[in-house]
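One structure is given below, encoded as structure tokens.
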Amino acid sequence: MSTFRSIKGTFDVLPYGSRSEGVQSVSSASWVAAESVIRRVLNKFDFDEIRTPIIEPAELIARGIGEHTDIVTKEMFAFSRGDDNYVLRPEITAPVIRAVLQHSMQQTREVHRLFYMGPCFRAERPQKGRYRQFQQFGCEIIGSLSPAADADVILTMLAVYDAFGLSGYRLRVNSLGNPDSRKTYSDALRTYFASHKSTLSEASRNRLNENPLRLLDTKIEQERALLVSAPRIADFLDDADREHFEEVTQYLDDRGVSYEIDPMLVRGLDYYTRTAFELEIDTLGAQNALAGGGRYDLLARELGSKTAVPAVGFAAGFERLLLALEAAGTGLNTLAKPDVYVISLGPAAGQFCFGLVQDARAAGLRVSFDVQGRSMKAQMRDANKRGAGFVVIVGDNELASGSGVIKNMAGGEEFTVLFHQIVPKLKELTDVPTTS
Ligand code: HAM
């Protein structure tokens, strides 16, 4: 019988990374290190964490993201139990708004600044940077119409990449207007593309009725040629939309952020109004979007809210951040290392050392020891390989003398220390804060 493998488009995060290339080569300790950098930045920008379930009602996602989007029509991991239809969440914005409404969070505070980090699922064709289970992190400012919120979200997003020292990305921004201007624009696009129907692919012809805006990010060469003379959203914005967008870009200018206004930028989710943006980097190849987001003032209403809850946010692909760092040559290669490795020889020393290991851990140290009954030499080799800061050696001689040897693996110095002083001495040497 053959053994099992993880599902295509999913992967394991191993303590030492796997031998495969790309994101799978990154160790779990590096994931944790990167996650804590992200959390630190998001906290600094005054966002609090929200955790929502991985399964959500199918209807929430369909209504939130849009019935006709690729995500909802083609990429959902959906299942039913009895009469209930569920999906694995493909994103976290609609779930966050669901939670805000469900808990009447608007009654306790008018504005919420929430961040999240966790797995999402999309049944896309797997390739480098595109997975069926991937991790998103992002934030949402909920309850504000102000352009300052849009700009704050964009600056938060950029601050995450800056914290990793990643540069060379490109920020594209656009305004999709309010629902009325967007509708007039959609109609104009539909009329324009309808007059070029023979040039359109079958998929695009199908999209024409439901969502003509999606044609703007076509990858097909002939269709791209049509875009040159297609109507532009900027000509359909009303005064308030235009003013909002100008204020957002003014904030970005004031902070010296470089960006490009791209009138063809539309997003793969239907809930956006006004500001939409995307962050790209060339080193990622075909899946070049690091992050994206925008304003979605009507989503809450779409999900049943009686009052308007204007909001804006971004979400980013965690694996894409790791890949971009790897491509930039600043990949993370953190490995968890023990502070101390306790080496013993023989059953009596082994028994004593077992207690010593537990005592040192209780004092806050990360301590490793041999559970295979290997030779002292093999244990020393293991301690070296694991990158232990110090080893403690206890054999028959030490047992007889009531003292052990502590060796600094970096400097090589050795200390002979009475048993009861080993843990305090290790603490002094490693300088760990007291946790107990
Ligand atoms: P999105 O553009 O669909 O937006 O996804 C955000 C990011 O998730 C993408 O830029 C990409 O880095 C990553 N991503 C998406 N699909 C995959 C995949 N299959 N494999 C790996 N990474 C992927 C949203 O999800 C919106 N909720 C963003 C938002 C927040 N808008 C307002 N607030």
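By order of appearance in the structure tokens: chains A, B, ..., then residues from 1 within every chain, and ligands from 1 in the order shown.
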
>> Would you pick out the contacts of segment 287-298 of chain A at 7 Å or less, using only C-alpha atoms, so that residues sharing its chain but fewer than 2 positions from it are not included, and give the list as a ChimeraX atom specification?
In response: /A:129-130,271-282,284-285,300-302,308-317,320-321

Output file for the residues above (N, CA and C atoms, as a PDB file, in the first residue's frame):
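The result, written out as selection06.pdb:
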```pdb
ATOM      1  N   GLY A 129       3.505  30.088  -5.917  1.00  0.00           N
ATOM      2  CA  GLY A 129       2.830  31.264  -5.344  1.00  0.00           C
ATOM      3  C   GLY A 129       1.322  31.161  -5.349  1.00  0.00           C
ATOM      4  N   ARG A 130       0.805  30.068  -5.919  1.00  0.00           N
ATOM      5  CA  ARG A 130      -0.661  29.907  -5.905  1.00  0.00           C
ATOM      6  C   ARG A 130      -0.992  28.532  -5.341  1.00  0.00           C
ATOM      7  N   TYR A 271     -17.083  43.457  -4.089  1.00  0.00           N
ATOM      8  CA  TYR A 271     -17.593  44.381  -3.072  1.00  0.00           C
ATOM      9  C   TYR A 271     -16.968  45.769  -3.067  1.00  0.00           C
ATOM     10  N   TYR A 272     -16.017  46.042  -3.950  1.00  0.00           N
ATOM     11  CA  TYR A 272     -15.311  47.318  -3.841  1.00  0.00           C
ATOM     12  C   TYR A 272     -16.103  48.520  -4.343  1.00  0.00           C
ATOM     13  N   THR A 273     -15.962  49.619  -3.631  1.00  0.00           N
ATOM     14  CA  THR A 273     -16.458  50.918  -4.061  1.00  0.00           C
ATOM     15  C   THR A 273     -15.292  51.884  -3.866  1.00  0.00           C
ATOM     16  N   ARG A 274     -15.214  52.878  -4.696  1.00  0.00           N
ATOM     17  CA  ARG A 274     -14.129  53.869  -4.599  1.00  0.00           C
ATOM     18  C   ARG A 274     -12.734  53.221  -4.642  1.00  0.00           C
ATOM     19  N   THR A 275     -11.921  53.436  -3.603  1.00  0.00           N
ATOM     20  CA  THR A 275     -10.508  53.033  -3.680  1.00  0.00           C
ATOM     21  C   THR A 275     -10.301  51.529  -3.870  1.00  0.00           C
ATOM     22  N   ALA A 276      -9.442  51.188  -4.831  1.00  0.00           N
ATOM     23  CA  ALA A 276      -8.983  49.800  -4.970  1.00  0.00           C
ATOM     24  C   ALA A 276      -7.483  49.871  -5.211  1.00  0.00           C
ATOM     25  N   PHE A 277      -6.739  48.903  -4.670  1.00  0.00           N
ATOM     26  CA  PHE A 277      -5.287  48.952  -4.869  1.00  0.00           C
ATOM     27  C   PHE A 277      -4.699  47.555  -4.886  1.00  0.00           C
ATOM     28  N   GLU A 278      -3.518  47.458  -5.451  1.00  0.00           N
ATOM     29  CA  GLU A 278      -2.821  46.184  -5.493  1.00  0.00           C
ATOM     30  C   GLU A 278      -1.328  46.431  -5.370  1.00  0.00           C
ATOM     31  N   LEU A 279      -0.650  45.522  -4.696  1.00  0.00           N
ATOM     32  CA  LEU A 279       0.793  45.612  -4.540  1.00  0.00           C
ATOM     33  C   LEU A 279       1.411  44.429  -5.278  1.00  0.00           C
ATOM     34  N   GLU A 280       2.301  44.731  -6.205  1.00  0.00           N
ATOM     35  CA  GLU A 280       2.889  43.660  -7.021  1.00  0.00           C
ATOM     36  C   GLU A 280       4.399  43.694  -6.929  1.00  0.00           C
ATOM     37  N   ILE A 281       4.996  42.548  -7.248  1.00  0.00           N
ATOM     38  CA  ILE A 281       6.457  42.507  -7.318  1.00  0.00           C
ATOM     39  C   ILE A 281       6.832  41.563  -8.459  1.00  0.00           C
ATOM     40  N   ASP A 282       7.775  41.975  -9.283  1.00  0.00           N
ATOM     41  CA  ASP A 282       8.085  41.208 -10.491  1.00  0.00           C
ATOM     42  C   ASP A 282       8.735  39.866 -10.207  1.00  0.00           C
ATOM     43  N   LEU A 284       8.047  37.538  -8.416  1.00  0.00           N
ATOM     44  CA  LEU A 284       7.177  36.395  -8.138  1.00  0.00           C
ATOM     45  C   LEU A 284       6.704  35.665  -9.386  1.00  0.00           C
ATOM     46  N   GLY A 285       7.008  36.199 -10.565  1.00  0.00           N
ATOM     47  CA  GLY A 285       6.562  35.541 -11.800  1.00  0.00           C
ATOM     48  C   GLY A 285       5.094  35.804 -12.053  1.00  0.00           C
ATOM     49  N   ALA A 300     -21.516  45.588   4.141  1.00  0.00           N
ATOM     50  CA  ALA A 300     -22.317  45.316   5.338  1.00  0.00           C
ATOM     51  C   ALA A 300     -23.807  45.280   4.983  1.00  0.00           C
ATOM     52  N   ARG A 301     -24.234  46.217   4.162  1.00  0.00           N
ATOM     53  CA  ARG A 301     -25.652  46.236   3.746  1.00  0.00           C
ATOM     54  C   ARG A 301     -25.994  44.967   2.955  1.00  0.00           C
ATOM     55  N   GLU A 302     -25.070  44.591   2.094  1.00  0.00           N
ATOM     56  CA  GLU A 302     -25.261  43.374   1.283  1.00  0.00           C
ATOM     57  C   GLU A 302     -25.424  42.154   2.198  1.00  0.00           C
ATOM     58  N   ALA A 308     -25.561  51.641   7.099  1.00  0.00           N
ATOM     59  CA  ALA A 308     -24.341  51.544   6.294  1.00  0.00           C
ATOM     60  C   ALA A 308     -23.139  51.413   7.230  1.00  0.00           C
ATOM     61  N   VAL A 309     -22.208  50.555   6.889  1.00  0.00           N
ATOM     62  CA  VAL A 309     -20.969  50.437   7.668  1.00  0.00           C
ATOM     63  C   VAL A 309     -19.804  50.555   6.676  1.00  0.00           C
ATOM     64  N   PRO A 310     -19.364  51.780   6.427  1.00  0.00           N
ATOM     65  CA  PRO A 310     -18.284  51.956   5.456  1.00  0.00           C
ATOM     66  C   PRO A 310     -16.991  51.342   5.974  1.00  0.00           C
ATOM     67  N   ALA A 311     -16.197  50.775   5.097  1.00  0.00           N
ATOM     68  CA  ALA A 311     -14.966  50.108   5.566  1.00  0.00           C
ATOM     69  C   ALA A 311     -13.932  50.023   4.447  1.00  0.00           C
ATOM     70  N   VAL A 312     -12.686  49.808   4.874  1.00  0.00           N
ATOM     71  CA  VAL A 312     -11.590  49.688   3.910  1.00  0.00           C
ATOM     72  C   VAL A 312     -10.531  48.768   4.511  1.00  0.00           C
ATOM     73  N   GLY A 313      -9.863  48.000   3.665  1.00  0.00           N
ATOM     74  CA  GLY A 313      -8.840  47.089   4.199  1.00  0.00           C
ATOM     75  C   GLY A 313      -7.942  46.520   3.128  1.00  0.00           C
ATOM     76  N   PHE A 314      -6.986  45.716   3.574  1.00  0.00           N
ATOM     77  CA  PHE A 314      -6.133  44.992   2.617  1.00  0.00           C
ATOM     78  C   PHE A 314      -5.938  43.567   3.121  1.00  0.00           C
ATOM     79  N   ALA A 315      -5.590  42.675   2.197  1.00  0.00           N
ATOM     80  CA  ALA A 315      -5.143  41.337   2.601  1.00  0.00           C
ATOM     81  C   ALA A 315      -3.951  40.964   1.743  1.00  0.00           C
ATOM     82  N   ALA A 316      -3.057  40.171   2.333  1.00  0.00           N
ATOM     83  CA  ALA A 316      -1.824  39.807   1.646  1.00  0.00           C
ATOM     84  C   ALA A 316      -1.594  38.309   1.731  1.00  0.00           C
ATOM     85  N   GLY A 317      -0.902  37.773   0.763  1.00  0.00           N
ATOM     86  CA  GLY A 317      -0.545  36.360   0.769  1.00  0.00           C
ATOM     87  C   GLY A 317       0.751  36.171   1.555  1.00  0.00           C
ATOM     88  N   ARG A 320       3.492  34.375  -0.391  1.00  0.00           N
ATOM     89  CA  ARG A 320       4.093  35.238  -1.425  1.00  0.00           C
ATOM     90  C   ARG A 320       5.121  36.183  -0.812  1.00  0.00           C
ATOM     91  N   LEU A 321       4.868  36.609   0.412  1.00  0.00           N
ATOM     92  CA  LEU A 321       5.866  37.416   1.118  1.00  0.00           C
ATOM     93  C   LEU A 321       7.144  36.589   1.296  1.00  0.00           C
TER      94      LEU A 321
END
```

> Could you name the residues that touch Ala328 of chain A at 9 Å or less, counting only C-alpha atoms, but leaving out those on the same chain fewer than 6 positions away, as a count of residues only?
Replying inline: 3

>> If we count only C-alpha atoms and set the cut-off at 10 Å, which residues sit around Arg205 of chain A, ignoring sequence neighbours fewer than 4 positions away in its own chain? Please answer as a VMD selection string.
In response: chain A and resid 190 193 to 194 196 to 201 209 to 210 212 215

>> To test your reading of the structure, identify every residue in segment 156-341 of chain A that backbone DSSP assigns to alpha helix (DSSP H), and report it as a ChimeraX atom specification.
In response: /A:156-163,179-194,202-210,221-227,239-254,299-302,318-327

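Around Tyr259 of chain A, within 10 Å and counting only C-alpha atoms, the residues found are Tyr169, Arg170, Leu171, Arg172, Val173, Thr249, Leu252, Asp253, Phe277, Glu278 and Leu279 of chain A, once anything fewer than 4 positions away on its own chain is removed.
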